[in-house]
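Asker: The structure that follows is given in the form of structure tokens.
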Amino acid sequence: MTYSEKKNRLNSCVIFPRRRRAMQLRRTSSMGHLGRLFLLLAPLTWCYILGAAGHSLPACREQLEFRCSDGSCILRLSVCDGHTDCEDGSDELHCSHLRCKKNEFACHSRRCISTHLRCNGMDDCGDGSDEASCQNCTAAGFFSCGLSDTCLPRNKLCDGRADCKDGRDESQELCGLSQPSLQTSPACKASEFHCGDGQCIRQTWRCDNSRDCSDGRDEDNCDQDECKVNNGGCSHLCLDQPMGFHCGCPDSMKLVGDSQCEEIDTCLESDVCDQLCVHVNNSLTCDCHKDYQMNPTTGECKAKGDEAQLVFTSSKGMHWISMTGTKYKEMVPHLPGPGPVAALAFDRTLYWAKQGSIYRVSTDGEPQNSLVLKVQGSLSGLAVDWIHQLLYWTSEESSSVNVGLLDGSTWRQLITGLEKPSAVAVDPLQGLLFWAQCGNSPKIERSSLVGRDRRALVTSLIRHPVALSLDMPRQLLYWVDRGMRIIFRVNLDGHHRKAVVESNGYLDRPFGLAVFEGFVYWSEEATRSICRASKHNGGNFQVLLSNVTSPGGVVVVQPVLQPNGPSVCGHTGAVCQHKCVINLLSSSPEFSCTPPEKGQNRSQEIPSISRTVPVSTLSDPTFAGILSLTMFLSVLLVGMALWWWREEFMTSRSLTEQSFSLKESQDLLIIQEPHTRPNACLVKETLLKLDLEGE
């Protein structure tokens, strides 16, 4: 080996520790900059988080709470109530004047109501101020036309003729029925005839020697065979007559609505069984579900367990009576008026709606009631999904069906664009949601629990449905029609319709409806009564309670009405064997099934519900800002820590443990394979010594 080569090798070993010291100095300098950066960011971050938290805590829920000037939160119901609830008194500022619209009355309770509701015999203000100084018409069953007008018998209300000077006895707020209009229909059904003015009438009215179209077109060209055109609108058989035609059905079917045929259900046709029915060899056998027992004498199915309670609301509070009317109790007085009511049976909790608010009340006699949530406008219907722990309600102002968690923390509109939605019912075991609307085209519809698979159940012979109720054991849907003054029922597919209770003097202005065992129960405003009758044929009619001031919604509280079962998730028929996760915060509500955790036995799992984080928490912009900043700084600090670890340990390890190949490269920064790592400088010194000795 030449002297120059030996010298180069010696320089390599000498330069090596020098460069290592230089790199250590650079790393020490970098760590100094990193430390100074961290010390600068840490207090700034901490101050920002503390400041943001100071401004965001407590996070007031916009729809339920009012933010005081000092940042604290109180219930919106406490604003302008005459009592100082904020420490700075800001909740009672700017309360001296209540501005109502020109056609509205200013209540002492600081609520605005329509002037047509003034002196109508009902406490619409909640404090009675709208009925103060009015003529005492309610005691004799009359209706007041106002301070300077007369009292009318209640049978003249909503009779199509204005008897009050201002027409309030026929107002839309009071009657709830829009006046008939001759608006043109975009298209008529197959079972309807299209008049020249756009009106649709039944096909069977054509050529019946009675002018039903305003232009008389339904009586033109009556010598032709109507069955040759679209089969006369008949679903099966069309039979032409010398004058007109009529529809017919095969032997195993019956005619429904003049034109449609449906299969005959012998059990529902006879309608003698309270629950289960078996038709064998031209005979019927009745039975009861496991939670009921049959009365051997009457054949009625009676619920096992605790005695059922019939709960109803009125302008004077919430009350309950026994199912036979022999017991009565005032549960929660001084509620601000009648409204729809629903029950969660397993913990004996009631949910009651009025004037855009939903309250939670215990049936155990606790006088306190708590506000669950508050929305704009009034609520016309309310139902509880006891399986998924959800509330459903209808709102005329928003023209929607809505859904929310039972605690009110999260809610959303589910089905929109409806025309005066008036009632809602839910069957979570089947995964079905039902609602009614009573606008110009009244109907009853159903969908899945998340609003999918929507279909109409009842579209004909319906005017003003005001309440829905499910007969769970028989899987039938009941509704009460205020316009027709009849209680109807259909099965859950909209077939086998029947008029159960027809107008009997106690169906002039029905409000609430419930079905239990062998009876239907309803509240009636005109006669101020709570009534019941047989759910089969309207027999055994009974007035359970009379002289009720403005009766409202009714509900039966008994655990058998809300049986346990598998969780139906998402689309109709999708059943979760373990857990159903409900997300109300996505663009469309989502129900999804989740598998059990490891180590759990599927056969021992009980279906449960997992809820999402409340929307008030997720939508708080301050919280979101803090969360975003925290995540960013966390990523930044983790990145700097990883960089420092790499510089501190990886570089050091490379310099101390890895060797450099002196045979292939003289560049000490090029790292080679680690097979020559040990004693790198010792090898260099030995080679140099041998070379020097060789010289």
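Quick note on naming: the chains in the structure tokens go A, B, ... in the order shown, residues restart at 1 in each chain, and ligands are numbered from 1 in order of appearance.
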With a distance cut-off of 9 Å and only C-alpha atoms, select the neighbouring residues of Gln260 in chain A, excluding the residue or stretch itself and same-chain residues fewer than 3 positions from it, and output the selection as a short mmCIF file (atom, residue, chain, number, x, y, z; two decimals) with N, CA, C and O atoms, in the first residue's frame.
Answerer:
```
data_model
loop_
_atom_site.label_atom_id
_atom_site.label_comp_id
_atom_site.auth_asym_id
_atom_site.auth_seq_id
_atom_site.Cartn_x
_atom_site.Cartn_y
_atom_site.Cartn_z
N SER A 191 -109.35 5.17 -11.62
CA SER A 191 -110.72 4.94 -11.18
C SER A 191 -111.55 6.21 -11.17
O SER A 191 -112.66 6.23 -10.65
N GLY A 233 -111.93 1.82 -15.36
CA GLY A 233 -111.25 2.11 -14.09
C GLY A 233 -111.38 1.00 -13.08
O GLY A 233 -110.95 1.16 -11.93
N CYS A 234 -111.95 -0.16 -13.49
CA CYS A 234 -112.13 -1.29 -12.56
C CYS A 234 -110.83 -2.09 -12.46
O CYS A 234 -110.13 -2.29 -13.47
N SER A 235 -110.52 -2.56 -11.27
CA SER A 235 -109.30 -3.35 -11.09
C SER A 235 -109.45 -4.76 -11.66
O SER A 235 -108.47 -5.37 -12.06
N HIS A 236 -110.68 -5.30 -11.72
CA HIS A 236 -110.89 -6.67 -12.20
C HIS A 236 -111.99 -6.72 -13.26
O HIS A 236 -111.71 -6.65 -14.45
N CYS A 247 -118.41 -2.04 -11.55
CA CYS A 247 -117.27 -2.94 -11.41
C CYS A 247 -117.68 -4.16 -10.60
O CYS A 247 -118.58 -4.10 -9.74
N GLY A 248 -117.02 -5.27 -10.86
CA GLY A 248 -117.29 -6.50 -10.13
C GLY A 248 -116.00 -7.20 -9.74
O GLY A 248 -114.90 -6.83 -10.19
N CYS A 249 -116.11 -8.22 -8.89
CA CYS A 249 -114.95 -8.94 -8.37
C CYS A 249 -115.17 -10.44 -8.46
O CYS A 249 -116.33 -10.91 -8.46
N LYS A 254 -113.77 -8.98 -2.72
CA LYS A 254 -114.89 -8.05 -2.53
C LYS A 254 -114.52 -6.70 -3.11
O LYS A 254 -113.34 -6.36 -3.25
N LEU A 255 -115.56 -5.92 -3.46
CA LEU A 255 -115.36 -4.62 -4.07
C LEU A 255 -115.12 -3.56 -3.00
O LEU A 255 -115.86 -3.47 -2.03
N VAL A 256 -114.10 -2.75 -3.19
CA VAL A 256 -113.75 -1.69 -2.25
C VAL A 256 -113.69 -0.37 -3.02
O VAL A 256 -112.97 -0.27 -4.02
N GLY A 257 -114.43 0.60 -2.55
CA GLY A 257 -114.38 1.92 -3.17
C GLY A 257 -114.89 1.95 -4.59
O GLY A 257 -114.37 2.71 -5.42
#
```
Asker: Find the residues around His464 in chain A up to 8 Å (only C-alpha atoms counted), leave out those fewer than 2 positions away in its own chain, and share them as a list in words.
Answerer: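 Everything that qualifies: Gly176, Leu177, Gln437, Cys438, Gly439, Pro442, Ile462, Val466, Asp481, Arg482, Gly483 and Met484 of chain A.
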Asker: Would you output that residue set with N, CA, C and O atoms, as a PDB file, in the first residue's frame?
Answerer:
```pdb
ATOM      1  N   GLY A 176    -110.514  23.626  11.227  1.00  0.00           N
ATOM      2  CA  GLY A 176    -109.437  22.795  10.713  1.00  0.00           C
ATOM      3  C   GLY A 176    -109.684  22.276   9.321  1.00  0.00           C
ATOM      4  O   GLY A 176    -108.878  21.541   8.775  1.00  0.00           O
ATOM      5  N   LEU A 177    -110.793  22.627   8.709  1.00  0.00           N
ATOM      6  CA  LEU A 177    -111.127  22.135   7.371  1.00  0.00           C
ATOM      7  C   LEU A 177    -111.050  23.286   6.384  1.00  0.00           C
ATOM      8  O   LEU A 177    -111.647  24.340   6.590  1.00  0.00           O
ATOM      9  N   GLN A 437    -102.418  13.455   6.946  1.00  0.00           N
ATOM     10  CA  GLN A 437    -102.457  14.870   6.593  1.00  0.00           C
ATOM     11  C   GLN A 437    -103.856  15.208   6.114  1.00  0.00           C
ATOM     12  O   GLN A 437    -104.538  14.379   5.504  1.00  0.00           O
ATOM     13  N   CYS A 438    -104.283  16.441   6.398  1.00  0.00           N
ATOM     14  CA  CYS A 438    -105.687  16.806   6.159  1.00  0.00           C
ATOM     15  C   CYS A 438    -105.807  18.097   5.365  1.00  0.00           C
ATOM     16  O   CYS A 438    -106.655  18.935   5.662  1.00  0.00           O
ATOM     17  N   GLY A 439    -104.954  18.259   4.353  1.00  0.00           N
ATOM     18  CA  GLY A 439    -105.045  19.434   3.493  1.00  0.00           C
ATOM     19  C   GLY A 439    -106.089  19.246   2.405  1.00  0.00           C
ATOM     20  O   GLY A 439    -107.116  18.598   2.589  1.00  0.00           O
ATOM     21  N   PRO A 442    -106.472  15.048   1.560  1.00  0.00           N
ATOM     22  CA  PRO A 442    -106.201  14.307   2.805  1.00  0.00           C
ATOM     23  C   PRO A 442    -105.861  12.856   2.511  1.00  0.00           C
ATOM     24  O   PRO A 442    -106.400  12.249   1.573  1.00  0.00           O
ATOM     25  N   ILE A 462    -111.937  10.135   2.829  1.00  0.00           N
ATOM     26  CA  ILE A 462    -111.229  10.661   3.993  1.00  0.00           C
ATOM     27  C   ILE A 462    -111.228  12.181   3.876  1.00  0.00           C
ATOM     28  O   ILE A 462    -110.980  12.731   2.797  1.00  0.00           O
ATOM     29  N   VAL A 466    -107.667  13.276  12.396  1.00  0.00           N
ATOM     30  CA  VAL A 466    -107.041  14.069  13.457  1.00  0.00           C
ATOM     31  C   VAL A 466    -106.213  13.228  14.423  1.00  0.00           C
ATOM     32  O   VAL A 466    -105.448  13.776  15.211  1.00  0.00           O
ATOM     33  N   ASP A 481    -111.868  10.458  11.955  1.00  0.00           N
ATOM     34  CA  ASP A 481    -112.035  11.500  10.939  1.00  0.00           C
ATOM     35  C   ASP A 481    -113.043  12.523  11.450  1.00  0.00           C
ATOM     36  O   ASP A 481    -114.235  12.224  11.586  1.00  0.00           O
ATOM     37  N   ARG A 482    -112.544  13.726  11.741  1.00  0.00           N
ATOM     38  CA  ARG A 482    -113.430  14.764  12.265  1.00  0.00           C
ATOM     39  C   ARG A 482    -114.398  15.250  11.199  1.00  0.00           C
ATOM     40  O   ARG A 482    -115.544  15.617  11.505  1.00  0.00           O
ATOM     41  N   GLY A 483    -113.972  15.253   9.940  1.00  0.00           N
ATOM     42  CA  GLY A 483    -114.853  15.704   8.875  1.00  0.00           C
ATOM     43  C   GLY A 483    -115.996  14.739   8.624  1.00  0.00           C
ATOM     44  O   GLY A 483    -117.131  15.163   8.384  1.00  0.00           O
ATOM     45  N   MET A 484    -115.730  13.439   8.665  1.00  0.00           N
ATOM     46  CA  MET A 484    -116.778  12.440   8.431  1.00  0.00           C
ATOM     47  C   MET A 484    -117.427  11.971   9.722  1.00  0.00           C
ATOM     48  O   MET A 484    -118.438  11.268   9.685  1.00  0.00           O
TER      49      MET A 484
END
```
Asker: Got a sec: who's within 12 Å of His289 in chain A, counting only C-alpha atoms, leaving out chain neighbours fewer than 3 positions off, as a PyMOL selection string?
Answerer: chain A and resi 273-277+286+292-294+300-304+472-474+517+560-561+563
Asker: From a backbone DSSP assignment, name each residue in range 182-270 of chain A labelled strand (DSSP E or B), as a PyMOL selection string.
Answerer: chain A and resi 192-194+200-202+237-240+245-248+253-256+260-263
Asker: Check the smallest atom-to-atom distance from each of A:Val375, A:Leu633, A:Val401, A:Ala343 to Ile358 in chain A using only C-alpha atoms, then report the winner.
Answerer: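 Comparing A:Val375, A:Leu633, A:Val401, A:Ala343 against Ile358 in chain A, the winner is A:Val375.
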Asker: Which is closest to Ser586 in chain A among A:Asn230, A:Thr204, A:Gln430, A:Thr410, if we use only C-alpha atoms?
Answerer: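 Of the candidates, the smallest distance to Ser586 in chain A is held by A:Thr410.
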Asker: Which polymer residues have any atom within 12 Å of an atom of Asn282 in chain A, counting only C-alpha atoms, with same-chain residues fewer than 2 positions away left out, as a ChimeraX atom specification?
Answerer: /A:266-267,270,278-280,284-285
Asker: Write out as a PyMOL selection string the residues lying within 7 Å of Arg168 in chain A, counting only C-alpha atoms and excluding same-chain residues fewer than 2 positions away.
Answerer: chain A and resi 116+145+164+166+170-171
Asker: With a distance cut-off of 8 Å and only C-alpha atoms, select the neighbouring residues of Trp522 in chain A, excluding the residue or stretch itself and same-chain residues fewer than 2 positions from it, and output the selection as a list in words.
Answerer: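 Listed by chain and then number, they are Pro510, Phe511, Gly512, Leu513, Ala514, Val520, Glu524, Ile530, Cys531, Arg532 and Val554 of chain A.
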Asker: For Trp352 in chain A, list every protein, DNA or RNA residue within 7 Å, evaluated using only C-alpha atoms, and leave out those in the same chain fewer than 5 positions away; present the list as a list in words.
Answerer: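 Final neighbour list, sorted by chain and number: Gly339, Pro340, Val341, Ala342, Ile358, Tyr359 and Arg360 of chain A.
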Asker: Mind giving me the straight-line distance from CA of Ala423 in chain A to CA of Leu344 in chain A in Å, one decimal?
Answerer: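 Here the two named atoms are 17.8 Å from each other.
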Asker: Of the residues A:Leu429, A:Leu476, A:Cys188, A:Met243, which is the one nearest to Asp208 in chain A, using only C-alpha atoms?
Answerer: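 Comparing A:Leu429, A:Leu476, A:Cys188, A:Met243 against Asp208 in chain A, the winner is A:Met243.
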Asker: So the first atom is CA of Ser529 in chain A and the second is CA of Ser469 in chain A; what is the distance between them in Å, to one decimal place?
Answerer: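 Going from CA of Ser529 in chain A over to CA of Ser469 in chain A covers 18.8 Å.
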Asker: Which residue out of A:Val500, A:Val403, A:Leu152, A:Leu544 has the minimum interatomic distance to Asp385 in chain A when only C-alpha atoms are used?
Answerer: A:Val403
Asker: Smallest atom-to-atom distance to Leu268 in chain A: which of A:Arg497, A:Lys228, A:Lys290, A:Lys189, using only C-alpha atoms?
Answerer: A:Arg497
